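Printed here is protein.pdb (PDB, C-alpha atoms and all ligand atoms):
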```pdb
MODEL        1
ATOM      1  CA  MET A   4       0.000   0.000   0.000  1.00  0.00           C
ATOM      2  CA  PRO A   5       1.422   3.473  -0.838  1.00  0.00           C
ATOM      3  CA  CYS A   6       2.653   5.569   2.077  1.00  0.00           C
ATOM      4  CA  LYS A   7       0.306   8.501   2.782  1.00  0.00           C
ATOM      5  CA  VAL A   8       2.418  11.571   3.471  1.00  0.00           C
ATOM      6  CA  LEU A   9       1.457  14.992   4.832  1.00  0.00           C
ATOM      7  CA  ILE A  10       3.943  17.838   4.563  1.00  0.00           C
ATOM      8  CA  VAL A  11       3.422  20.527   7.180  1.00  0.00           C
ATOM      9  CA  TYR A  12       5.531  23.670   7.032  1.00  0.00           C
ATOM     10  CA  TYR A  13       5.801  27.266   8.123  1.00  0.00           C
ATOM     11  CA  THR A  14       7.524  29.957   6.111  1.00  0.00           C
ATOM     12  CA  ARG A  15       8.089  33.678   6.543  1.00  0.00           C
ATOM     13  CA  THR A  16       9.937  34.552   3.358  1.00  0.00           C
ATOM     14  CA  GLY A  17       9.200  31.555   1.110  1.00  0.00           C
ATOM     15  CA  ASN A  18      12.364  29.407   1.274  1.00  0.00           C
ATOM     16  CA  THR A  19      10.840  26.603   3.337  1.00  0.00           C
ATOM     17  CA  ALA A  20       7.791  26.694   1.053  1.00  0.00           C
ATOM     18  CA  LYS A  21       9.995  25.979  -1.995  1.00  0.00           C
ATOM     19  CA  VAL A  22      11.540  22.918  -0.364  1.00  0.00           C
ATOM     20  CA  ALA A  23       8.097  21.784   0.866  1.00  0.00           C
ATOM     21  CA  GLN A  24       6.671  21.972  -2.665  1.00  0.00           C
ATOM     22  CA  GLU A  25       9.588  20.033  -4.082  1.00  0.00           C
ATOM     23  CA  LEU A  26       9.178  17.325  -1.434  1.00  0.00           C
ATOM     24  CA  ALA A  27       5.427  17.206  -2.055  1.00  0.00           C
ATOM     25  CA  THR A  28       6.020  16.557  -5.760  1.00  0.00           C
ATOM     26  CA  GLU A  29       8.603  13.845  -5.042  1.00  0.00           C
ATOM     27  CA  LEU A  30       6.479  12.141  -2.396  1.00  0.00           C
ATOM     28  CA  GLY A  31       3.037  12.677  -3.933  1.00  0.00           C
ATOM     29  CA  ALA A  32       2.132  14.258  -0.591  1.00  0.00           C
ATOM     30  CA  ASP A  33      -0.617  16.534   0.663  1.00  0.00           C
ATOM     31  CA  VAL A  34       0.556  19.890   1.976  1.00  0.00           C
ATOM     32  CA  GLU A  35      -0.458  21.991   4.973  1.00  0.00           C
ATOM     33  CA  ARG A  36       0.942  25.483   5.422  1.00  0.00           C
ATOM     34  CA  VAL A  37       0.856  26.597   9.052  1.00  0.00           C
ATOM     35  CA  GLU A  38      -0.331  30.190   9.322  1.00  0.00           C
ATOM     36  CA  GLU A  39      -0.063  32.519  12.268  1.00  0.00           C
ATOM     37  CA  LYS A  40      -3.144  34.487  13.221  1.00  0.00           C
ATOM     38  CA  ARG A  41      -1.058  37.645  13.470  1.00  0.00           C
ATOM     39  CA  ASP A  42       0.750  38.676  10.300  1.00  0.00           C
ATOM     40  CA  LYS A  43       4.538  38.312  10.584  1.00  0.00           C
ATOM     41  CA  ALA A  44       5.453  39.916   7.269  1.00  0.00           C
ATOM     42  CA  GLY A  45       7.936  42.771   6.943  1.00  0.00           C
ATOM     43  CA  LEU A  46      10.447  44.235   9.369  1.00  0.00           C
ATOM     44  CA  MET A  47       8.007  44.611  12.275  1.00  0.00           C
ATOM     45  CA  GLY A  48       6.930  41.001  11.789  1.00  0.00           C
ATOM     46  CA  ALA A  49      10.570  39.851  11.941  1.00  0.00           C
ATOM     47  CA  ILE A  50      11.138  41.878  15.125  1.00  0.00           C
ATOM     48  CA  ARG A  51       7.987  40.435  16.728  1.00  0.00           C
ATOM     49  CA  SER A  52       9.030  36.886  15.735  1.00  0.00           C
ATOM     50  CA  GLY A  53      12.480  37.446  17.246  1.00  0.00           C
ATOM     51  CA  LYS A  54      10.987  38.806  20.479  1.00  0.00           C
ATOM     52  CA  ASN A  55       8.541  35.898  20.812  1.00  0.00           C
ATOM     53  CA  LEU A  56      11.304  33.386  20.118  1.00  0.00           C
ATOM     54  CA  PHE A  57      13.415  34.997  22.822  1.00  0.00           C
ATOM     55  CA  LEU A  58      10.475  34.818  25.254  1.00  0.00           C
ATOM     56  CA  ASN A  59       9.650  31.254  24.074  1.00  0.00           C
ATOM     57  CA  LYS A  60       6.011  32.229  23.538  1.00  0.00           C
ATOM     58  CA  LEU A  61       3.788  29.685  21.762  1.00  0.00           C
ATOM     59  CA  ALA A  62       2.287  31.129  18.566  1.00  0.00           C
ATOM     60  CA  ASP A  63      -1.432  31.435  17.918  1.00  0.00           C
ATOM     61  CA  ILE A  64      -1.990  29.472  14.688  1.00  0.00           C
ATOM     62  CA  GLU A  65      -4.946  29.077  12.346  1.00  0.00           C
ATOM     63  CA  SER A  66      -6.813  25.743  12.487  1.00  0.00           C
ATOM     64  CA  PRO A  67      -5.244  23.318  10.010  1.00  0.00           C
ATOM     65  CA  LYS A  68      -7.285  21.964   7.088  1.00  0.00           C
ATOM     66  CA  LYS A  69      -5.803  18.455   7.083  1.00  0.00           C
ATOM     67  CA  ASP A  70      -6.088  15.841   9.836  1.00  0.00           C
ATOM     68  CA  PRO A  71      -2.574  14.471  10.555  1.00  0.00           C
ATOM     69  CA  SER A  72      -3.983  11.238  11.997  1.00  0.00           C
ATOM     70  CA  GLN A  73      -5.042  10.273   8.442  1.00  0.00           C
ATOM     71  CA  TYR A  74      -1.410  10.013   7.284  1.00  0.00           C
ATOM     72  CA  ASP A  75       1.289   7.372   7.704  1.00  0.00           C
ATOM     73  CA  ILE A  76       3.924  10.057   8.171  1.00  0.00           C
ATOM     74  CA  VAL A  77       3.906  13.799   8.856  1.00  0.00           C
ATOM     75  CA  VAL A  78       6.929  15.593   7.396  1.00  0.00           C
ATOM     76  CA  ILE A  79       7.439  18.849   9.278  1.00  0.00           C
ATOM     77  CA  GLY A  80       9.451  21.763   7.859  1.00  0.00           C
ATOM     78  CA  THR A  81      10.576  24.995   9.476  1.00  0.00           C
ATOM     79  CA  PRO A  82      12.977  27.871   8.979  1.00  0.00           C
ATOM     80  CA  ILE A  83      15.675  28.038  11.654  1.00  0.00           C
ATOM     81  CA  LEU A  84      15.221  31.210  13.661  1.00  0.00           C
ATOM     82  CA  LEU A  85      17.671  32.029  16.455  1.00  0.00           C
ATOM     83  CA  ASN A  86      18.894  28.415  16.447  1.00  0.00           C
ATOM     84  CA  GLN A  87      15.371  27.114  16.979  1.00  0.00           C
ATOM     85  CA  MET A  88      12.366  25.813  15.099  1.00  0.00           C
ATOM     86  CA  SER A  89       9.842  28.565  14.326  1.00  0.00           C
ATOM     87  CA  LEU A  90       7.171  29.253  16.936  1.00  0.00           C
ATOM     88  CA  PRO A  91       4.220  28.369  14.663  1.00  0.00           C
ATOM     89  CA  ILE A  92       5.762  24.915  14.087  1.00  0.00           C
ATOM     90  CA  ARG A  93       6.333  24.501  17.815  1.00  0.00           C
ATOM     91  CA  ALA A  94       2.662  25.391  18.339  1.00  0.00           C
ATOM     92  CA  TYR A  95       1.517  22.936  15.617  1.00  0.00           C
ATOM     93  CA  ILE A  96       3.572  20.059  17.048  1.00  0.00           C
ATOM     94  CA  THR A  97       2.444  20.801  20.600  1.00  0.00           C
ATOM     95  CA  ARG A  98      -1.224  20.817  19.562  1.00  0.00           C
ATOM     96  CA  PHE A  99      -1.257  17.818  17.224  1.00  0.00           C
ATOM     97  CA  LYS A 100       1.598  15.496  18.240  1.00  0.00           C
ATOM     98  CA  HIS A 101      -0.878  12.931  19.624  1.00  0.00           C
ATOM     99  CA  LYS A 102      -2.124  12.489  16.027  1.00  0.00           C
ATOM    100  CA  PHE A 103       1.278  11.735  14.462  1.00  0.00           C
ATOM    101  CA  LYS A 104       1.944   8.081  13.589  1.00  0.00           C
ATOM    102  CA  SER A 105       5.449   8.802  12.372  1.00  0.00           C
ATOM    103  CA  VAL A 106       7.475  11.967  11.662  1.00  0.00           C
ATOM    104  CA  ALA A 107      10.344  13.336   9.571  1.00  0.00           C
ATOM    105  CA  PHE A 108      11.799  16.844   9.773  1.00  0.00           C
ATOM    106  CA  PHE A 109      13.375  19.334   7.385  1.00  0.00           C
ATOM    107  CA  CYS A 110      14.608  22.840   7.923  1.00  0.00           C
ATOM    108  CA  VAL A 111      15.934  25.738   5.899  1.00  0.00           C
ATOM    109  CA  GLY A 112      18.760  27.704   7.507  1.00  0.00           C
ATOM    110  CA  GLY A 113      22.258  26.335   7.957  1.00  0.00           C
ATOM    111  CA  LEU A 114      23.086  27.010  11.583  1.00  0.00           C
ATOM    112  CA  GLY A 115      21.268  25.320  14.433  1.00  0.00           C
ATOM    113  CA  SER A 116      19.489  22.576  12.500  1.00  0.00           C
ATOM    114  CA  LYS A 117      20.805  19.783  14.758  1.00  0.00           C
ATOM    115  CA  LYS A 118      19.573  21.567  17.846  1.00  0.00           C
ATOM    116  CA  ALA A 119      16.231  22.341  16.197  1.00  0.00           C
ATOM    117  CA  PHE A 120      15.732  18.698  15.132  1.00  0.00           C
ATOM    118  CA  LYS A 121      16.541  17.502  18.659  1.00  0.00           C
ATOM    119  CA  ASP A 122      14.030  19.944  20.079  1.00  0.00           C
ATOM    120  CA  MET A 123      11.374  18.973  17.503  1.00  0.00           C
ATOM    121  CA  ALA A 124      11.825  15.287  18.394  1.00  0.00           C
ATOM    122  CA  TYR A 125      11.523  16.147  22.085  1.00  0.00           C
ATOM    123  CA  VAL A 126       8.309  18.164  21.588  1.00  0.00           C
ATOM    124  CA  CYS A 127       6.871  15.430  19.302  1.00  0.00           C
ATOM    125  CA  GLY A 128       7.851  12.695  21.753  1.00  0.00           C
ATOM    126  CA  LYS A 129       9.103  10.750  18.693  1.00  0.00           C
ATOM    127  CA  ALA A 130      12.390  10.247  16.887  1.00  0.00           C
ATOM    128  CA  PRO A 131      12.179  11.302  13.228  1.00  0.00           C
ATOM    129  CA  LYS A 132      12.387   8.684  10.489  1.00  0.00           C
ATOM    130  CA  ALA A 133      14.623  11.066   8.522  1.00  0.00           C
ATOM    131  CA  THR A 134      15.928  14.637   8.719  1.00  0.00           C
ATOM    132  CA  LEU A 135      17.038  17.142   6.088  1.00  0.00           C
ATOM    133  CA  GLY A 136      18.907  20.330   6.996  1.00  0.00           C
ATOM    134  CA  MET A 137      18.958  22.622   3.989  1.00  0.00           C
ATOM    135  CA  SER A 138      21.379  25.558   4.144  1.00  0.00           C
ATOM    136  CA  TYR A 139      21.693  28.253   1.496  1.00  0.00           C
ATOM    137  CA  LEU A 140      24.905  26.566   0.367  1.00  0.00           C
ATOM    138  CA  THR A 141      23.081  23.280  -0.153  1.00  0.00           C
ATOM    139  CA  TYR A 142      20.152  25.021  -1.755  1.00  0.00           C
ATOM    140  CA  TYR A 143      22.253  26.676  -4.442  1.00  0.00           C
ATOM    141  CA  SER A 144      24.758  23.851  -4.903  1.00  0.00           C
ATOM    142  CA  GLY A 145      24.586  20.647  -6.895  1.00  0.00           C
ATOM    143  CA  GLN A 146      23.887  18.834  -3.598  1.00  0.00           C
ATOM    144  CA  TYR A 147      20.299  20.061  -3.484  1.00  0.00           C
ATOM    145  CA  LYS A 148      18.603  17.417  -5.674  1.00  0.00           C
ATOM    146  CA  LYS A 149      20.737  14.638  -4.171  1.00  0.00           C
ATOM    147  CA  ARG A 150      19.783  15.575  -0.598  1.00  0.00           C
ATOM    148  CA  ILE A 151      16.094  15.802  -1.501  1.00  0.00           C
ATOM    149  CA  ALA A 152      16.286  12.356  -3.155  1.00  0.00           C
ATOM    150  CA  GLU A 153      18.037  10.804  -0.129  1.00  0.00           C
ATOM    151  CA  PHE A 154      15.498  12.297   2.242  1.00  0.00           C
ATOM    152  CA  THR A 155      12.459  11.137   0.254  1.00  0.00           C
ATOM    153  CA  LYS A 156      13.951   7.647  -0.117  1.00  0.00           C
ATOM    154  CA  SER A 157      14.465   7.441   3.656  1.00  0.00           C
ATOM    155  CA  ILE A 158      10.854   8.437   4.219  1.00  0.00           C
ATOM    156  CA  LEU A 159       9.488   5.894   1.770  1.00  0.00           C
ATOM    157  CA  ASP A 160      11.680   2.915   2.610  1.00  0.00           C
ATOM    158  CA  GLY A 161      12.233   3.621   6.284  1.00  0.00           C
ATOM    159  CA  SER A 162      16.015   3.515   6.074  1.00  0.00           C
ATOM    160  CA  GLY A 163      16.562   7.061   7.394  1.00  0.00           C
ATOM    161  CA  GLN A 164      18.508   7.702  10.535  1.00  0.00           C
ATOM    162  CA  PRO A 165      17.145   9.961  13.265  1.00  0.00           C
TER     163      PRO A 165
HETATM  164  C1  LIG A 201      15.019  36.687  13.371  1.00  0.00           C
HETATM  165  C2  LIG A 201      15.759  35.695  12.473  1.00  0.00           C
HETATM  166  C3  LIG A 201      16.646  34.784  13.037  1.00  0.00           C
HETATM  167  C4  LIG A 201      17.341  33.838  12.247  1.00  0.00           C
HETATM  168  N1  LIG A 201      18.169  32.941  12.844  1.00  0.00           N
HETATM  169  C5  LIG A 201      18.825  31.993  12.087  1.00  0.00           C
HETATM  170  C6  LIG A 201      19.643  30.983  12.707  1.00  0.00           C
HETATM  171  O1  LIG A 201      19.807  30.924  13.908  1.00  0.00           O
HETATM  172  N2  LIG A 201      20.259  30.093  11.898  1.00  0.00           N
HETATM  173  C7  LIG A 201      20.124  30.105  10.521  1.00  0.00           C
HETATM  174  O2  LIG A 201      20.707  29.281   9.835  1.00  0.00           O
HETATM  175  N3  LIG A 201      19.323  31.042   9.919  1.00  0.00           N
HETATM  176  C8  LIG A 201      18.676  31.974  10.665  1.00  0.00           C
HETATM  177  N4  LIG A 201      17.857  32.912  10.061  1.00  0.00           N
HETATM  178  C9  LIG A 201      17.691  32.835   8.603  1.00  0.00           C
HETATM  179  C10 LIG A 201      16.458  31.984   8.219  1.00  0.00           C
HETATM  180  O3  LIG A 201      16.508  30.689   8.755  1.00  0.00           O
HETATM  181  C11 LIG A 201      16.425  31.851   6.697  1.00  0.00           C
HETATM  182  O4  LIG A 201      16.274  33.134   6.149  1.00  0.00           O
HETATM  183  C12 LIG A 201      15.317  30.932   6.222  1.00  0.00           C
HETATM  184  O5  LIG A 201      15.601  30.541   4.899  1.00  0.00           O
HETATM  185  C13 LIG A 201      13.961  31.590   6.262  1.00  0.00           C
HETATM  186  O6  LIG A 201      13.009  30.641   5.826  1.00  0.00           O
HETATM  187  P1  LIG A 201      11.639  31.088   5.156  1.00  0.00           P
HETATM  188  O7  LIG A 201      11.979  31.820   3.882  1.00  0.00           O
HETATM  189  O8  LIG A 201      10.928  29.803   4.890  1.00  0.00           O
HETATM  190  O9  LIG A 201      10.890  31.974   6.121  1.00  0.00           O
HETATM  191  C14 LIG A 201      17.165  33.848  10.825  1.00  0.00           C
HETATM  192  C15 LIG A 201      16.282  34.793  10.255  1.00  0.00           C
HETATM  193  C16 LIG A 201      15.570  35.700  11.054  1.00  0.00           C
HETATM  194  C17 LIG A 201      14.607  36.698  10.427  1.00  0.00           C
ENDMDL
END
```

In structure tokens, write the structure found in this file.
Amino acid sequence: MPCKVLIVYYTRTGNTAKVAQELATELGADVERVEEKRDKAGLMGAIRSGKNLFLNKLADIESPKKDPSQYDIVVIGTPILLNQMSLPIRAYITRFKHKFKSVAFFCVGGLGSKKAFKDMAYVCGKAPKATLGMSYLTYYSGQYKKRIAEFTKSILDGSGQP
């Protein structure tokens, strides 16, 4: 039976969205974009995000359209902000982790991905089936397609390392 995959991501400036779309095409997955109730666009949005990250405040997110319990695996993507996962993704995981059968993580932002993945696994209460840290260097290098292919293979055949 084919593996049913849901890709859940948050993005501020669109980079994580690009990787999410690419993964969705490769995996034949459904996609859920996590949205904050308060707009985080522009300079003031970035300052507010930074302040909330510093204060570790849980974000107020819109209700998702997809039910994660209907999927074999939920692939969660986030930008790295101040060495952490984004607050909307923290809020999503906190609210819906009891519905995840299995998880994999990806992030966009080079520094802090290991720490963010560790934290995401802790909040989920589950080790990820696979992880993909995508820095700008990876994104614009020849490694990009290869890393995406390795990650999707790990998700589909279960050979990925946490
Ligand atoms: C307030 C703030 C803090 C950031 N902190 C980090 C960081 O710690 N490590 C990193 O690699 N990138 C950091 N970045 C860069 C973002 O991770 C990067 O721009 C990412 O691609 C944004 O993803 P998005 O386009 O999906 O929103 C930071 C950006 C902002 C605005």

Residues selected by the PyMOL selection byres (((chain A and resi 113-117) around 9) and not hetatm), written as a compact mmCIF listing (two decimals) with C-alpha atoms, in the coordinates of the input:
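The result, stored in out_10.txt:
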```txt
# COMPACT_ATOMS: atom_id res chain seq x y z
CA ILE A 83 15.68 28.04 11.65
CA LEU A 84 15.22 31.21 13.66
CA LEU A 85 17.67 32.03 16.45
CA ASN A 86 18.89 28.42 16.45
CA GLN A 87 15.37 27.11 16.98
CA MET A 88 12.37 25.81 15.10
CA PHE A 109 13.38 19.33 7.38
CA CYS A 110 14.61 22.84 7.92
CA VAL A 111 15.93 25.74 5.90
CA GLY A 112 18.76 27.70 7.51
CA LYS A 118 19.57 21.57 17.85
CA ALA A 119 16.23 22.34 16.20
CA PHE A 120 15.73 18.70 15.13
CA LYS A 121 16.54 17.50 18.66
CA ASP A 122 14.03 19.94 20.08
CA LEU A 135 17.04 17.14 6.09
CA GLY A 136 18.91 20.33 7.00
CA MET A 137 18.96 22.62 3.99
CA SER A 138 21.38 25.56 4.14
CA TYR A 139 21.69 28.25 1.50
CA LEU A 140 24.90 26.57 0.37
CA THR A 141 23.08 23.28 -0.15
```

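Note that the spacing between CA of Ile64 in chain A and CA of Tyr95 in chain A amounts to 7.5 Å.
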
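For the residues A:Lys129, A:Arg41, A:Arg51, A:Lys69, ranking by smallest atom-to-atom distance to ligand LIG 201 (chain A) using only C-alpha atoms and all ligand atoms places A:Arg51 first.
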
Handout entry: Ala130 in chain A surroundings by only C-alpha atoms, 9 Å radius, close-in-sequence under 2 positions cut, as a list in words
Key = Ser105, Val106, Ala107, Lys121, Met123, Ala124, Tyr125, Cys127, Gly128, Lys132, Ala133 and Pro165 of chain A

Problem - Best match for closeness to Glu38 in chain A among A:Thr155, A:Gln146, A:Ser66, A:Thr81, counting all atoms listed in the file - result: A:Ser66

If you take every atom of range 74-83 of chain A that the file lists and fit an axis-aligned box around them with 3 Å extra on each side, what centre and edge lengths come out in Å to one decimal, as AutoDock Vina command-line options?
```
--center_x 7.1 --center_y 17.7 --center_z 9.5 --size_x 23.1 --size_y 26.7 --size_z 10.4
```
